[in-house]
>>> print(open('upload-v2.cif').read())   # mmCIF, N, CA and C atoms
data_query
#
loop_
_atom_site.label_atom_id
_atom_site.label_comp_id
_atom_site.auth_asym_id
_atom_site.auth_seq_id
_atom_site.Cartn_x
_atom_site.Cartn_y
_atom_site.Cartn_z
N MET I 818 27.87 9.19 19.65
CA MET I 818 27.08 10.19 20.31
C MET I 818 27.98 10.95 21.29
N ARG I 819 27.84 12.25 21.24
CA ARG I 819 28.53 13.10 22.19
C ARG I 819 27.50 13.64 23.18
N HIS I 820 27.92 13.90 24.40
CA HIS I 820 26.98 14.47 25.37
C HIS I 820 27.71 15.43 26.30
N LYS I 821 26.91 16.30 26.93
CA LYS I 821 27.46 17.28 27.85
C LYS I 821 26.43 17.53 28.95
N LEU I 822 26.91 17.62 30.18
CA LEU I 822 26.09 18.02 31.30
C LEU I 822 25.92 19.54 31.23
N LEU I 823 24.70 20.01 31.08
CA LEU I 823 24.45 21.45 30.96
C LEU I 823 24.26 22.13 32.30
N ALA I 824 23.62 21.42 33.24
CA ALA I 824 23.35 22.00 34.56
C ALA I 824 23.14 20.89 35.56
N GLU I 825 23.47 21.21 36.81
CA GLU I 825 23.22 20.27 37.90
C GLU I 825 22.96 21.10 39.15
N ASP I 826 21.76 20.90 39.74
CA ASP I 826 21.39 21.68 40.91
C ASP I 826 20.28 20.97 41.67
N ALA I 827 20.48 20.76 42.95
CA ALA I 827 19.46 20.20 43.85
C ALA I 827 18.89 18.87 43.33
N GLY I 828 19.76 18.02 42.83
CA GLY I 828 19.31 16.71 42.35
C GLY I 828 18.73 16.71 40.95
N GLU I 829 18.75 17.84 40.29
CA GLU I 829 18.27 17.94 38.92
C GLU I 829 19.46 18.11 37.99
N ARG I 830 19.42 17.37 36.89
CA ARG I 830 20.47 17.50 35.88
C ARG I 830 19.82 17.75 34.52
N ALA I 831 20.55 18.46 33.68
CA ALA I 831 20.14 18.67 32.29
C ALA I 831 21.31 18.28 31.40
N PHE I 832 21.04 17.45 30.41
CA PHE I 832 22.05 16.99 29.47
C PHE I 832 21.66 17.35 28.05
N ILE I 833 22.66 17.51 27.20
CA ILE I 833 22.41 17.54 25.76
C ILE I 833 23.19 16.39 25.15
N LEU I 834 22.53 15.68 24.25
CA LEU I 834 23.15 14.60 23.49
C LEU I 834 23.13 15.01 22.02
N VAL I 835 24.22 14.85 21.33
CA VAL I 835 24.28 15.16 19.90
C VAL I 835 24.67 13.88 19.17
N MET I 836 23.77 13.42 18.32
CA MET I 836 23.99 12.19 17.57
C MET I 836 24.36 12.52 16.13
N ASP I 837 25.13 11.63 15.54
CA ASP I 837 25.61 11.80 14.19
C ASP I 837 24.97 10.79 13.24
N THR I 838 25.20 10.99 11.96
CA THR I 838 24.67 10.12 10.91
C THR I 838 24.95 8.66 11.22
N GLY I 839 23.92 7.85 11.08
CA GLY I 839 24.04 6.40 11.24
C GLY I 839 23.71 5.89 12.62
N GLU I 840 23.67 6.75 13.62
CA GLU I 840 23.35 6.28 14.97
C GLU I 840 21.85 6.02 15.08
N GLU I 841 21.50 5.02 15.90
CA GLU I 841 20.09 4.71 16.13
C GLU I 841 19.66 5.46 17.37
N ALA I 842 18.65 6.30 17.24
CA ALA I 842 18.29 7.25 18.29
C ALA I 842 17.71 6.60 19.54
N PHE I 843 16.71 5.74 19.41
CA PHE I 843 16.02 5.20 20.59
C PHE I 843 16.98 4.42 21.48
N SER I 844 17.76 3.53 20.89
CA SER I 844 18.67 2.73 21.70
C SER I 844 19.78 3.59 22.30
N SER I 845 20.23 4.61 21.60
CA SER I 845 21.28 5.49 22.13
C SER I 845 20.78 6.29 23.33
N ILE I 846 19.57 6.82 23.25
CA ILE I 846 19.00 7.57 24.37
C ILE I 846 18.77 6.63 25.55
N SER I 847 18.27 5.45 25.29
CA SER I 847 18.02 4.46 26.34
C SER I 847 19.31 4.05 27.04
N THR I 848 20.35 3.77 26.27
CA THR I 848 21.65 3.41 26.84
C THR I 848 22.18 4.54 27.71
N PHE I 849 22.09 5.77 27.23
CA PHE I 849 22.56 6.92 27.99
C PHE I 849 21.80 7.05 29.31
N ALA I 850 20.48 6.92 29.27
CA ALA I 850 19.66 7.03 30.49
C ALA I 850 20.05 5.96 31.51
N ASN I 851 20.31 4.74 31.03
CA ASN I 851 20.73 3.67 31.93
C ASN I 851 22.12 3.94 32.51
N GLU I 852 23.05 4.39 31.68
CA GLU I 852 24.41 4.67 32.15
C GLU I 852 24.43 5.79 33.19
N GLN I 853 23.54 6.77 33.04
CA GLN I 853 23.50 7.91 33.96
C GLN I 853 22.60 7.64 35.17
N GLY I 854 21.91 6.50 35.20
CA GLY I 854 21.03 6.18 36.31
C GLY I 854 19.82 7.08 36.40
N ILE I 855 19.32 7.51 35.26
CA ILE I 855 18.17 8.43 35.22
C ILE I 855 16.89 7.66 35.54
N ALA I 856 16.17 8.13 36.57
CA ALA I 856 14.94 7.45 37.01
C ALA I 856 13.68 8.25 36.73
N ALA I 857 13.83 9.52 36.36
CA ALA I 857 12.69 10.37 36.01
C ALA I 857 13.20 11.56 35.22
N ALA I 858 12.68 11.75 34.02
CA ALA I 858 13.15 12.86 33.19
C ALA I 858 12.18 13.12 32.05
N SER I 859 12.28 14.33 31.50
CA SER I 859 11.59 14.64 30.25
C SER I 859 12.63 14.67 29.14
N VAL I 860 12.19 14.36 27.93
CA VAL I 860 13.08 14.28 26.78
C VAL I 860 12.47 15.08 25.64
N THR I 861 13.28 15.92 25.00
CA THR I 861 12.87 16.61 23.78
C THR I 861 14.02 16.52 22.78
N ALA I 862 13.69 16.53 21.50
CA ALA I 862 14.75 16.43 20.49
C ALA I 862 14.28 17.04 19.17
N ILE I 863 15.25 17.51 18.40
CA ILE I 863 15.03 17.93 17.02
C ILE I 863 16.20 17.42 16.18
N GLY I 864 15.96 17.28 14.91
CA GLY I 864 17.01 16.80 14.01
C GLY I 864 16.37 16.13 12.81
N ALA I 865 17.00 15.04 12.35
CA ALA I 865 16.49 14.39 11.15
C ALA I 865 16.90 12.92 11.12
N PHE I 866 16.15 12.14 10.33
CA PHE I 866 16.38 10.71 10.19
C PHE I 866 16.43 10.33 8.71
N GLN I 867 17.28 9.34 8.40
CA GLN I 867 17.26 8.79 7.05
C GLN I 867 16.14 7.76 6.92
N SER I 868 15.77 7.14 8.04
CA SER I 868 14.61 6.26 8.11
C SER I 868 14.19 6.17 9.57
N ALA I 869 12.93 5.85 9.78
CA ALA I 869 12.43 5.76 11.15
C ALA I 869 11.24 4.82 11.19
N THR I 870 10.93 4.38 12.39
CA THR I 870 9.72 3.59 12.62
C THR I 870 8.98 4.23 13.78
N ILE I 871 7.72 4.52 13.53
CA ILE I 871 6.82 4.98 14.57
C ILE I 871 5.72 3.93 14.66
N ALA I 872 4.86 4.05 15.64
CA ALA I 872 3.81 3.04 15.79
C ALA I 872 2.54 3.67 16.31
N PHE I 873 1.44 2.98 16.04
CA PHE I 873 0.12 3.39 16.52
C PHE I 873 -0.43 2.26 17.37
N PHE I 874 -0.88 2.59 18.59
CA PHE I 874 -1.40 1.56 19.49
C PHE I 874 -2.86 1.28 19.17
N GLU I 875 -3.14 0.04 18.81
CA GLU I 875 -4.50 -0.41 18.53
C GLU I 875 -5.12 -0.87 19.85
N VAL I 876 -6.05 -0.09 20.38
CA VAL I 876 -6.64 -0.38 21.69
C VAL I 876 -7.35 -1.74 21.69
N GLU I 877 -8.04 -2.06 20.61
CA GLU I 877 -8.80 -3.31 20.55
C GLU I 877 -7.91 -4.55 20.65
N THR I 878 -6.78 -4.53 19.98
CA THR I 878 -5.89 -5.70 19.97
C THR I 878 -4.78 -5.60 21.02
N LYS I 879 -4.63 -4.41 21.62
CA LYS I 879 -3.57 -4.15 22.60
C LYS I 879 -2.18 -4.38 22.00
N GLU I 880 -2.04 -4.00 20.74
CA GLU I 880 -0.77 -4.15 20.03
C GLU I 880 -0.44 -2.87 19.27
N TYR I 881 0.86 -2.64 19.10
CA TYR I 881 1.31 -1.53 18.28
C TYR I 881 1.39 -1.96 16.82
N ARG I 882 0.94 -1.09 15.93
CA ARG I 882 1.09 -1.30 14.49
C ARG I 882 2.19 -0.38 14.00
N ASN I 883 3.29 -0.97 13.53
CA ASN I 883 4.43 -0.18 13.07
C ASN I 883 4.12 0.56 11.78
N ILE I 884 4.65 1.77 11.69
CA ILE I 884 4.55 2.61 10.50
C ILE I 884 5.99 2.94 10.12
N HIS I 885 6.46 2.40 9.02
CA HIS I 885 7.84 2.63 8.59
C HIS I 885 7.91 3.88 7.72
N VAL I 886 8.85 4.73 8.02
CA VAL I 886 9.09 5.93 7.22
C VAL I 886 10.46 5.72 6.60
N ASP I 887 10.45 5.21 5.37
CA ASP I 887 11.69 4.82 4.69
C ASP I 887 12.18 5.91 3.75
N GLU I 888 12.24 7.12 4.28
CA GLU I 888 12.76 8.26 3.53
C GLU I 888 13.27 9.30 4.52
N GLN I 889 14.04 10.23 4.02
CA GLN I 889 14.56 11.31 4.86
C GLN I 889 13.40 12.07 5.48
N SER I 890 13.49 12.34 6.77
CA SER I 890 12.45 13.10 7.45
C SER I 890 13.07 14.01 8.51
N GLU I 891 12.37 15.09 8.80
CA GLU I 891 12.78 16.00 9.86
C GLU I 891 12.04 15.61 11.13
N ALA I 892 12.75 15.57 12.26
CA ALA I 892 12.10 15.36 13.55
C ALA I 892 11.54 16.71 13.98
N LEU I 893 10.29 16.97 13.61
CA LEU I 893 9.65 18.25 13.94
C LEU I 893 9.37 18.33 15.42
N SER I 894 9.05 17.19 16.00
CA SER I 894 8.82 17.10 17.43
C SER I 894 9.14 15.67 17.86
N LEU I 895 10.00 15.54 18.83
CA LEU I 895 10.30 14.24 19.43
C LEU I 895 10.34 14.52 20.93
N MET I 896 9.37 13.95 21.64
CA MET I 896 9.27 14.27 23.06
C MET I 896 8.73 13.10 23.85
N GLY I 897 9.04 13.09 25.15
CA GLY I 897 8.53 12.04 26.00
C GLY I 897 9.15 12.07 27.37
N ASP I 898 9.24 10.87 27.97
CA ASP I 898 9.75 10.81 29.33
C ASP I 898 10.57 9.55 29.56
N VAL I 899 11.25 9.56 30.71
CA VAL I 899 12.01 8.40 31.18
C VAL I 899 11.45 8.04 32.55
N ALA I 900 11.21 6.76 32.76
CA ALA I 900 10.81 6.22 34.06
C ALA I 900 11.54 4.89 34.23
N ILE I 901 11.37 4.26 35.37
CA ILE I 901 12.00 2.97 35.63
C ILE I 901 11.00 1.86 35.29
N ALA I 902 11.44 0.87 34.53
CA ALA I 902 10.60 -0.26 34.13
C ALA I 902 10.55 -1.30 35.25
N ASP I 903 9.68 -2.28 35.08
CA ASP I 903 9.55 -3.37 36.05
C ASP I 903 10.88 -4.07 36.31
N ASP I 904 11.76 -4.13 35.30
CA ASP I 904 13.04 -4.82 35.47
C ASP I 904 14.14 -3.92 36.05
N GLY I 905 13.80 -2.67 36.37
CA GLY I 905 14.75 -1.75 36.98
C GLY I 905 15.54 -0.91 35.98
N SER I 906 15.35 -1.11 34.70
CA SER I 906 16.07 -0.34 33.69
C SER I 906 15.29 0.93 33.34
N ALA I 907 15.99 1.86 32.69
CA ALA I 907 15.34 3.08 32.22
C ALA I 907 14.38 2.72 31.09
N SER I 908 13.17 3.24 31.18
CA SER I 908 12.13 2.96 30.19
C SER I 908 11.74 4.27 29.50
N LEU I 909 11.97 4.35 28.21
CA LEU I 909 11.62 5.54 27.43
C LEU I 909 10.21 5.42 26.88
N HIS I 910 9.51 6.52 26.88
CA HIS I 910 8.22 6.61 26.19
C HIS I 910 8.28 7.89 25.38
N LEU I 911 8.46 7.74 24.06
CA LEU I 911 8.66 8.88 23.18
C LEU I 911 7.62 8.89 22.06
N HIS I 912 7.19 10.08 21.69
CA HIS I 912 6.32 10.27 20.53
C HIS I 912 7.04 11.19 19.56
N ALA I 913 6.74 11.03 18.27
CA ALA I 913 7.41 11.83 17.24
C ALA I 913 6.42 12.32 16.20
N VAL I 914 6.69 13.50 15.69
CA VAL I 914 6.05 14.00 14.48
C VAL I 914 7.19 14.21 13.49
N LEU I 915 7.13 13.48 12.38
CA LEU I 915 8.17 13.53 11.35
C LEU I 915 7.65 14.27 10.13
N GLY I 916 8.42 15.24 9.66
CA GLY I 916 8.06 16.01 8.47
C GLY I 916 8.72 15.43 7.24
N LEU I 917 7.94 15.24 6.18
CA LEU I 917 8.45 14.70 4.92
C LEU I 917 8.70 15.82 3.91
N SER I 918 9.39 15.50 2.83
CA SER I 918 9.82 16.52 1.87
C SER I 918 8.66 17.25 1.19
N ASP I 919 7.49 16.63 1.12
CA ASP I 919 6.34 17.28 0.49
C ASP I 919 5.52 18.10 1.50
N GLY I 920 6.00 18.19 2.72
CA GLY I 920 5.31 18.97 3.74
C GLY I 920 4.31 18.17 4.56
N SER I 921 4.10 16.91 4.19
CA SER I 921 3.20 16.07 4.99
C SER I 921 3.93 15.56 6.23
N THR I 922 3.19 15.00 7.15
CA THR I 922 3.79 14.50 8.38
C THR I 922 3.32 13.08 8.67
N ARG I 923 4.11 12.41 9.49
CA ARG I 923 3.75 11.11 10.06
C ARG I 923 4.02 11.23 11.55
N GLY I 924 3.14 10.70 12.36
CA GLY I 924 3.34 10.82 13.79
C GLY I 924 2.91 9.58 14.53
N GLY I 925 3.49 9.37 15.70
CA GLY I 925 3.11 8.25 16.54
C GLY I 925 4.15 7.97 17.59
N HIS I 926 4.03 6.82 18.20
CA HIS I 926 4.94 6.32 19.22
C HIS I 926 6.29 6.05 18.55
N PHE I 927 7.37 6.66 19.06
CA PHE I 927 8.68 6.53 18.43
C PHE I 927 9.30 5.19 18.79
N VAL I 928 9.64 4.40 17.77
CA VAL I 928 10.22 3.06 17.96
C VAL I 928 11.71 3.07 17.67
N GLN I 929 12.11 3.68 16.56
CA GLN I 929 13.52 3.74 16.19
C GLN I 929 13.72 4.74 15.07
N GLY I 930 14.96 5.24 14.96
CA GLY I 930 15.29 6.16 13.88
C GLY I 930 16.78 6.18 13.63
N GLN I 931 17.14 6.07 12.36
CA GLN I 931 18.55 6.16 11.95
C GLN I 931 18.84 7.63 11.64
N VAL I 932 19.70 8.22 12.46
CA VAL I 932 19.98 9.66 12.37
C VAL I 932 20.68 9.99 11.06
N ARG I 933 20.26 11.13 10.48
CA ARG I 933 20.95 11.71 9.31
C ARG I 933 20.47 13.12 9.10
N PRO I 934 21.22 14.15 9.25
CA PRO I 934 22.63 14.16 9.60
C PRO I 934 22.89 14.27 11.11
N THR I 935 21.90 14.76 11.89
CA THR I 935 22.13 14.93 13.33
C THR I 935 20.82 14.86 14.09
N LEU I 936 20.92 14.61 15.37
CA LEU I 936 19.78 14.69 16.28
C LEU I 936 20.29 15.31 17.57
N GLU I 937 19.61 16.36 18.03
CA GLU I 937 19.98 17.05 19.26
C GLU I 937 18.91 16.76 20.30
N VAL I 938 19.33 16.12 21.39
CA VAL I 938 18.40 15.63 22.41
C VAL I 938 18.70 16.33 23.73
N VAL I 939 17.67 16.85 24.38
CA VAL I 939 17.81 17.45 25.71
C VAL I 939 17.06 16.56 26.69
N ILE I 940 17.75 16.16 27.75
CA ILE I 940 17.16 15.36 28.81
C ILE I 940 17.21 16.18 30.09
N ARG I 941 16.04 16.40 30.69
CA ARG I 941 15.93 17.15 31.94
C ARG I 941 15.47 16.20 33.04
N GLU I 942 16.42 15.85 33.89
CA GLU I 942 16.16 14.91 34.97
C GLU I 942 15.59 15.63 36.19
N THR I 943 14.73 14.95 36.93
CA THR I 943 14.24 15.45 38.20
C THR I 943 14.73 14.51 39.30
N PRO I 944 14.73 14.95 40.56
CA PRO I 944 15.20 14.08 41.63
C PRO I 944 14.20 12.97 42.00
N ALA I 945 13.00 13.03 41.49
CA ALA I 945 12.00 12.00 41.78
C ALA I 945 12.33 10.70 41.06
N ARG I 946 11.68 9.64 41.47
CA ARG I 946 11.76 8.36 40.76
C ARG I 946 10.38 8.06 40.23
N LEU I 947 10.29 7.79 38.96
CA LEU I 947 9.02 7.38 38.35
C LEU I 947 9.10 5.91 38.00
N ARG I 948 8.03 5.20 38.22
CA ARG I 948 7.98 3.76 37.95
C ARG I 948 6.94 3.50 36.87
N ARG I 949 7.35 2.78 35.83
CA ARG I 949 6.42 2.38 34.77
C ARG I 949 6.07 0.92 35.01
N LYS I 950 4.76 0.64 35.19
CA LYS I 950 4.31 -0.72 35.46
C LYS I 950 3.40 -1.20 34.34
N HIS I 951 3.56 -2.47 34.02
CA HIS I 951 2.73 -3.07 32.97
C HIS I 951 1.30 -3.22 33.47
N ARG I 952 0.34 -2.75 32.67
CA ARG I 952 -1.07 -2.90 32.97
C ARG I 952 -1.66 -3.94 32.03
N ARG I 953 -1.93 -5.11 32.55
CA ARG I 953 -2.46 -6.21 31.73
C ARG I 953 -3.79 -5.85 31.09
N ASP I 954 -4.62 -5.07 31.81
CA ASP I 954 -5.94 -4.71 31.28
C ASP I 954 -5.83 -3.84 30.03
N LEU I 955 -4.75 -3.07 29.92
CA LEU I 955 -4.56 -2.19 28.76
C LEU I 955 -3.53 -2.73 27.77
N GLY I 956 -2.65 -3.62 28.24
CA GLY I 956 -1.58 -4.11 27.39
C GLY I 956 -0.45 -3.11 27.24
N LEU I 957 -0.32 -2.20 28.20
CA LEU I 957 0.67 -1.14 28.16
C LEU I 957 1.40 -1.00 29.49
N ALA I 958 2.60 -0.49 29.44
CA ALA I 958 3.32 -0.11 30.65
C ALA I 958 3.14 1.39 30.83
N LEU I 959 2.53 1.79 31.94
CA LEU I 959 2.23 3.20 32.19
C LEU I 959 2.86 3.63 33.51
N ILE I 960 3.10 4.95 33.64
CA ILE I 960 3.64 5.46 34.89
C ILE I 960 2.63 5.25 36.00
N ASP I 961 3.13 4.67 37.10
CA ASP I 961 2.29 4.40 38.27
C ASP I 961 2.69 5.37 39.36
N LEU I 962 1.78 6.22 39.78
CA LEU I 962 2.08 7.23 40.78
C LEU I 962 1.92 6.73 42.21
N ASP I 963 1.48 5.50 42.41
CA ASP I 963 1.31 4.97 43.78
C ASP I 963 2.59 4.53 44.35
#
>>> encode(input="upload-v2.cif", output="structure tokens")
Amino acid sequence: MRHKLLAEDAGERAFILVMDTGEEAFSSISTFANEQGIAAASVTAIGAFQSATIAFFEVETKEYRNIHVDEQSEALSLMGDVAIADDGSASLHLHAVLGLSDGSTRGGHFVQGQVRPTLEVVIRETPARLRRKHRRDLGLALIDLD
């Protein structure tokens, strides 16, 4: 993965990350956010995957059901945020809409994706710190504004 600082002003930074074939997107973005000490940011990306996993949260069971996309797909929309998890690490929350060759789509919570041929990711950091806390009642870690 290659990256470049696009702008830095008043505690705000903007980065672009360019991933190549074979890289795993979720872990690469997460590693980058941790290395840069990003505590609050928005994330957007476009590109393509040779395979990916998205998930759907089942409210009744409080569990994610994985949906495997085992074919080439276009990342029509990949967006989300970065906050700090209970353990102090950067916590990504990303959603994706993946376009398939027949024009259909698959969408959900982005779990992982093997890039092919590229993925272009823009991270826009803010000077604020966001904290994601686990909510036992929901079975999810959500941003806590308190």
>>> resolve_selection(input="upload-v2.cif", expression="the PyMOL selection byres (((chain I and resi 858-865 and name CA) around 8) and name CA)", output="PyMOL selection string")
chain I and resi 855-857+866-867+889-900+911+932-943
>>> closest_residue(input="upload-v2.cif", among="I:Ser918, I:Gly930, I:Asp954, I:Ile884", to="Gly839 (chain I)", atoms="only N, CA and C atoms")
I:Gly930
>>> resolve_selection(input="upload-v2.cif", expression="the PyMOL selection byres ((chain I and resi 955) around 8)", output="MDAnalysis selection string")
chainID I and resid 876 878:880 951:954 956:958
>>> atom_distance(input="upload-v2.cif", atom1="CA of His926 (chain I)", atom2="atom C of His910 (chain I)")
7.2 Å
>>> select_by_dssp(input="upload-v2.cif", residues="region 850-926 of chain I", states="alpha helix (DSSP H)", output="list in words")
Ala850, Asn851, Glu852 and Gln853 of chain I
>>> closest_residue(input="upload-v2.cif", among="I:Glu829, I:Ser847, I:Gly925, I:Ala824", to="Ser908 (chain I)", atoms="only C-alpha atoms")
I:Ser847
>>> closest_residue(input="upload-v2.cif", among="I:Arg882, I:His820, I:His912, I:Arg949", to="Leu834 (chain I)", atoms="only C-alpha atoms")
I:His820
>>> residues_near_point(input="upload-v2.cif", point="(1.6, 8.1, 10.9)", cutoff="10 Å", atoms="only C-alpha atoms", output="ChimeraX atom specification")
/I:870-873,883-886,913-915,922-926
>>> write_last_selection(input="upload-v2.cif", atoms="N, CA and C atoms", output="short mmCIF file (atom, residue, chain, number, x, y, z; two decimals), in the coordinates of the input")
data_model
loop_
_atom_site.label_atom_id
_atom_site.label_comp_id
_atom_site.auth_asym_id
_atom_site.auth_seq_id
_atom_site.Cartn_x
_atom_site.Cartn_y
_atom_site.Cartn_z
N THR I 870 10.93 4.38 12.39
CA THR I 870 9.72 3.59 12.62
C THR I 870 8.98 4.23 13.78
N ILE I 871 7.72 4.52 13.53
CA ILE I 871 6.82 4.98 14.57
C ILE I 871 5.72 3.93 14.66
N ALA I 872 4.86 4.05 15.64
CA ALA I 872 3.81 3.04 15.79
C ALA I 872 2.54 3.67 16.31
N PHE I 873 1.44 2.98 16.04
CA PHE I 873 0.12 3.39 16.52
C PHE I 873 -0.43 2.26 17.37
N ASN I 883 3.29 -0.97 13.53
CA ASN I 883 4.43 -0.18 13.07
C ASN I 883 4.12 0.56 11.78
N ILE I 884 4.65 1.77 11.69
CA ILE I 884 4.55 2.61 10.50
C ILE I 884 5.99 2.94 10.12
N HIS I 885 6.46 2.40 9.02
CA HIS I 885 7.84 2.63 8.59
C HIS I 885 7.91 3.88 7.72
N VAL I 886 8.85 4.73 8.02
CA VAL I 886 9.09 5.93 7.22
C VAL I 886 10.46 5.72 6.60
N ALA I 913 6.74 11.03 18.27
CA ALA I 913 7.41 11.83 17.24
C ALA I 913 6.42 12.32 16.20
N VAL I 914 6.69 13.50 15.69
CA VAL I 914 6.05 14.00 14.48
C VAL I 914 7.19 14.21 13.49
N LEU I 915 7.13 13.48 12.38
CA LEU I 915 8.17 13.53 11.35
C LEU I 915 7.65 14.27 10.13
N THR I 922 3.19 15.00 7.15
CA THR I 922 3.79 14.50 8.38
C THR I 922 3.32 13.08 8.67
N ARG I 923 4.11 12.41 9.49
CA ARG I 923 3.75 11.11 10.06
C ARG I 923 4.02 11.23 11.55
N GLY I 924 3.14 10.70 12.36
CA GLY I 924 3.34 10.82 13.79
C GLY I 924 2.91 9.58 14.53
N GLY I 925 3.49 9.37 15.70
CA GLY I 925 3.11 8.25 16.54
C GLY I 925 4.15 7.97 17.59
N HIS I 926 4.03 6.82 18.20
CA HIS I 926 4.94 6.32 19.22
C HIS I 926 6.29 6.05 18.55
#
>>> closest_residue(input="upload-v2.cif", among="I:Lys950, I:Gln929, I:Met818, I:Tyr881", to="Asp837 (chain I)", atoms="all atoms listed in the file")
I:Met818
>>> resolve_selection(input="upload-v2.cif", expression="the PyMOL selection byres ((chain I and resi 948) around 5)", output="ChimeraX atom specification")
/I:901,946-947,949-950,960-961
>>> closest_residue(input="upload-v2.cif", among="I:Val928, I:Leu917, I:Ala945, I:Leu823", to="Ser844 (chain I)", atoms="only C-alpha atoms")
I:Val928
>>> atom_distance(input="upload-v2.cif", atom1="CA of Phe927 (chain I)", atom2="CA of Glu840 (chain I)")
15.1 Å
>>> closest_residue(input="upload-v2.cif", among="I:Asn851, I:Ser921, I:Gln931, I:Ser868", to="Ala907 (chain I)", atoms="only N, CA and C atoms")
I:Asn851
>>> atom_distance(input="upload-v2.cif", atom1="CA of Ser906 (chain I)", atom2="CA of Thr838 (chain I)")
26.5 Å
>>> select_by_dssp(input="upload-v2.cif", residues="region 839-916 of chain I", states="strand (DSSP E)", output="number ranges by chain")
I: 858-875, 880-886, 890-901, 907-916
